[in-house]
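Okay, upload37.pdb now, which holds PDB, C-alpha atoms:
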```pdb
ATOM      1  CA  MET A   1     -23.663  59.079  78.662
ATOM      2  CA  ALA A   2     -20.036  60.226  78.221
ATOM      3  CA  ARG A   3     -19.344  63.950  78.201
ATOM      4  CA  TYR A   4     -16.612  65.469  76.054
ATOM      5  CA  LYS A   5     -15.199  68.948  75.823
ATOM      6  CA  PRO A   6     -16.533  70.707  72.741
ATOM      7  CA  TYR A   7     -14.124  71.501  69.927
ATOM      8  CA  ASP A   8     -14.325  73.791  66.929
ATOM      9  CA  TYR A   9     -11.817  73.708  64.078
ATOM     10  CA  SER A  10     -12.999  77.070  62.797
ATOM     11  CA  GLN A  11     -11.725  78.918  65.866
ATOM     12  CA  SER A  12      -8.674  81.158  65.549
ATOM     13  CA  MET A  13      -5.542  80.898  67.645
ATOM     14  CA  MET A  14      -2.905  83.572  67.992
ATOM     15  CA  MET A  15       0.436  82.034  68.828
ATOM     16  CA  PRO A  16       3.200  84.618  69.070
ATOM     17  CA  VAL A  17       6.610  83.203  68.233
ATOM     18  CA  SER A  18       9.866  85.041  68.692
ATOM     19  CA  LEU A  19      12.039  83.873  65.809
ATOM     20  CA  GLN A  20      15.213  84.819  67.658
ATOM     21  CA  ASP A  21      14.223  82.637  70.618
ATOM     22  CA  GLN A  22      14.047  79.609  68.310
ATOM     23  CA  LEU A  23      17.798  79.797  67.621
ATOM     24  CA  ILE A  24      19.101  78.324  70.851
ATOM     25  CA  PRO A  25      22.851  78.512  71.544
ATOM     26  CA  GLY A  26      24.473  75.097  71.301
ATOM     27  CA  THR A  27      22.225  73.864  68.493
ATOM     28  CA  LEU A  28      23.185  73.285  64.880
ATOM     29  CA  GLU A  29      20.827  75.977  63.634
ATOM     30  CA  PHE A  30      22.400  78.534  65.987
ATOM     31  CA  ALA A  31      25.873  77.526  64.784
ATOM     32  CA  ILE A  32      24.809  77.941  61.145
ATOM     33  CA  HIS A  33      23.247  81.321  61.952
ATOM     34  CA  TYR A  34      26.358  82.533  63.768
ATOM     35  CA  LEU A  35      28.898  81.229  61.233
ATOM     36  CA  VAL A  36      27.101  82.623  58.192
ATOM     37  CA  ASP A  37      26.638  86.036  59.832
ATOM     38  CA  ASN A  38      30.098  86.336  61.339
ATOM     39  CA  ASN A  39      32.621  84.131  59.547
ATOM     40  CA  LEU A  40      31.752  83.884  55.855
ATOM     41  CA  ASP A  41      32.549  86.332  53.073
ATOM     42  CA  LEU A  42      29.510  86.239  50.800
ATOM     43  CA  LEU A  43      30.701  88.552  48.014
ATOM     44  CA  VAL A  44      30.669  85.549  45.659
ATOM     45  CA  LEU A  45      26.924  85.203  46.219
ATOM     46  CA  ASP A  46      26.306  88.957  45.907
ATOM     47  CA  SER A  47      27.486  88.784  42.303
ATOM     48  CA  ARG A  48      24.504  86.543  41.438
ATOM     49  CA  PHE A  49      22.061  89.420  42.002
ATOM     50  CA  SER A  50      21.730  92.236  39.481
ATOM     51  CA  ASN A  51      18.691  94.141  40.651
ATOM     52  CA  ASP A  52      20.324  97.423  41.666
ATOM     53  CA  ASP A  53      18.104  99.603  39.490
ATOM     54  CA  THR A  54      15.100  97.479  38.617
ATOM     55  CA  GLY A  55      13.171  94.548  39.993
ATOM     56  CA  ARG A  56      12.094  93.735  43.477
ATOM     57  CA  PRO A  57      14.650  93.590  46.275
ATOM     58  CA  ALA A  58      16.266  90.184  46.584
ATOM     59  CA  TYR A  59      16.334  88.158  49.760
ATOM     60  CA  ASP A  60      19.629  88.474  51.572
ATOM     61  CA  PRO A  61      21.878  85.607  50.421
ATOM     62  CA  ARG A  62      22.878  85.035  54.051
ATOM     63  CA  VAL A  63      19.280  84.157  54.916
ATOM     64  CA  LEU A  64      18.979  81.814  51.949
ATOM     65  CA  LEU A  65      22.350  80.214  52.684
ATOM     66  CA  LYS A  66      21.359  79.537  56.302
ATOM     67  CA  VAL A  67      18.173  77.823  55.185
ATOM     68  CA  VAL A  68      19.912  75.729  52.537
ATOM     69  CA  LEU A  69      22.694  74.654  54.923
ATOM     70  CA  LEU A  70      20.180  73.591  57.573
ATOM     71  CA  ALA A  71      18.166  71.755  54.952
ATOM     72  CA  TYR A  72      21.251  69.933  53.630
ATOM     73  CA  SER A  73      22.225  68.984  57.189
ATOM     74  CA  ARG A  74      18.809  67.363  57.610
ATOM     75  CA  GLY A  75      18.912  65.527  54.288
ATOM     76  CA  ILE A  76      16.526  67.915  52.533
ATOM     77  CA  ILE A  77      17.999  68.628  49.112
ATOM     78  CA  HIS A  78      15.016  69.461  46.910
ATOM     79  CA  SER A  79      13.899  73.077  46.520
ATOM     80  CA  ARG A  80      10.231  72.361  47.034
ATOM     81  CA  LYS A  81      10.891  70.422  50.229
ATOM     82  CA  ILE A  82      13.063  73.269  51.510
ATOM     83  CA  GLU A  83      10.268  75.700  50.684
ATOM     84  CA  ARG A  84       7.794  73.487  52.531
ATOM     85  CA  ALA A  85      10.063  73.328  55.594
ATOM     86  CA  CYS A  86      10.190  77.141  55.629
ATOM     87  CA  GLY A  87       6.411  77.220  55.881
ATOM     88  CA  GLU A  88       5.939  74.380  58.376
ATOM     89  CA  ASN A  89       9.005  74.129  60.607
ATOM     90  CA  VAL A  90       9.583  76.907  63.135
ATOM     91  CA  THR A  91      13.376  76.437  63.057
ATOM     92  CA  PHE A  92      13.440  76.995  59.306
ATOM     93  CA  MET A  93      11.080  79.944  59.748
ATOM     94  CA  ALA A  94      13.480  81.433  62.287
ATOM     95  CA  LEU A  95      16.516  81.120  60.012
ATOM     96  CA  ALA A  96      14.489  82.500  57.097
ATOM     97  CA  CYS A  97      13.098  85.341  59.244
ATOM     98  CA  GLY A  98       9.669  84.276  58.034
ATOM     99  CA  GLN A  99      10.419  85.637  54.547
ATOM    100  CA  ILE A 100      10.873  82.649  52.256
ATOM    101  CA  ASP A 101       7.891  81.124  50.518
ATOM    102  CA  PRO A 102       8.087  81.059  46.720
ATOM    103  CA  TYR A 103       9.932  78.207  45.008
ATOM    104  CA  SER A 104      11.899  80.706  42.928
ATOM    105  CA  ASP A 105      13.681  82.046  46.033
ATOM    106  CA  ILE A 106      15.422  78.805  46.954
ATOM    107  CA  GLY A 107      15.719  77.231  43.509
ATOM    108  CA  PRO A 108      18.389  79.474  41.970
ATOM    109  CA  LEU A 109      20.548  79.622  45.090
ATOM    110  CA  HIS A 110      20.898  76.114  46.381
ATOM    111  CA  PRO A 111      22.927  74.713  43.441
ATOM    112  CA  ALA A 112      25.351  77.612  44.047
ATOM    113  CA  VAL A 113      26.033  76.637  47.663
ATOM    114  CA  PRO A 114      28.554  73.841  46.960
ATOM    115  CA  CYS A 115      30.206  76.076  44.348
ATOM    116  CA  TYR A 116      30.553  78.861  46.920
ATOM    117  CA  PHE A 117      32.409  76.580  49.304
ATOM    118  CA  LEU A 118      34.660  75.214  46.559
ATOM    119  CA  LYS A 119      35.527  78.703  45.252
ATOM    120  CA  THR A 120      36.274  80.125  48.679
ATOM    121  CA  GLY A 121      38.155  77.079  49.936
ATOM    122  CA  ALA A 122      35.889  76.844  52.962
ATOM    123  CA  ILE A 123      35.848  73.045  52.712
TER
END
```
Would you put the structure from the file into structure tokens?
Amino acid sequence: MARYKPYDYSQSMMMPVSLQDQLIPGTLEFAIHYLVDNNLDLLVLDSRFSNDDTGRPAYDPRVLLKVVLLAYSRGIIHSRKIERACGENVTFMALACGQIDPYSDIGPLHPAVPCYFLKTGAI
């Protein structure tokens, strides 16, 4: 009779992941990360948030912009698919710093991305 290793889907696994280590120099995601952090003036996006006194703190527009740019580069243009990528794909998790999950975080920003580039003349 054949013998097989036992398996148990109810077991837990701890898999530590360094988000910074996922952004490897020379890759598109690293380039997006570097350019957004170091070369773009995001004051246009800051004006979209008015939660200085009330409401929960907003996600940094740089983080959201990085995620949306990576998604667009991979042909992902729908908010819910971007949200799903942030929960399933470690590269998206790294750019999002593991913060993005609700649909409402990506939805309002991603239509503003092309407008940002048109207003700033970055394209």
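You can rank A:Cys97, A:Val90, A:Ala85, A:Ile77 by their closest distance to Asp60 (chain A) using only C-alpha atoms, and at the top of that list sits A:Cys97.
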What separation in Å, quoted to one decimal, exists between CA of Tyr34 (chain A) and CA of Gly75 (chain A)?
-> 20.8 Å
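What separates CA of Met15 (chain A) from CA of Thr27 (chain A) is a distance of 23.3 Å.
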So that I can check the surroundings of Leu70 (chain A), please list as an mmCIF file with C-alpha atoms, in the coordinates of the input every protein, DNA and RNA residue that reaches within 9 Å of it, counting all atoms listed in the file and ignoring chain neighbours fewer than 4 positions away.
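This is the output file out37.cif:
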```cif
data_model
loop_
_atom_site.group_PDB
_atom_site.id
_atom_site.type_symbol
_atom_site.label_atom_id
_atom_site.label_comp_id
_atom_site.auth_asym_id
_atom_site.auth_seq_id
_atom_site.Cartn_x
_atom_site.Cartn_y
_atom_site.Cartn_z
ATOM 1 C CA LEU A 28 23.185 73.285 64.880
ATOM 2 C CA GLU A 29 20.827 75.977 63.634
ATOM 3 C CA ILE A 32 24.809 77.941 61.145
ATOM 4 C CA LEU A 65 22.350 80.214 52.684
ATOM 5 C CA LYS A 66 21.359 79.537 56.302
ATOM 6 C CA ARG A 74 18.809 67.363 57.610
ATOM 7 C CA GLY A 75 18.912 65.527 54.288
ATOM 8 C CA ILE A 76 16.526 67.915 52.533
ATOM 9 C CA PHE A 92 13.440 76.995 59.306
ATOM 10 C CA LEU A 95 16.516 81.120 60.012
#
```
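Using all atoms listed in the file, the smallest distance between any of A:Ser79, A:Asn89, A:Ser73, A:Asn38 and Gln22 (chain A) comes from A:Asn89.
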Expanded to explicit residues, what is the PyMOL selection byres ((chain A and resi 87) around 12) for this file, as a ChimeraX atom specification?
-> /A:67,80-86,88-103
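The nearest approach to His33 (chain A) among the residues A:Asp53, A:Tyr4, A:Arg62, A:Ala71, with all atoms listed in the file taken into account, belongs to A:Arg62.
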d(CA of Gln20 (chain A), CA of Leu69 (chain A)) in Å = 17.9 Å
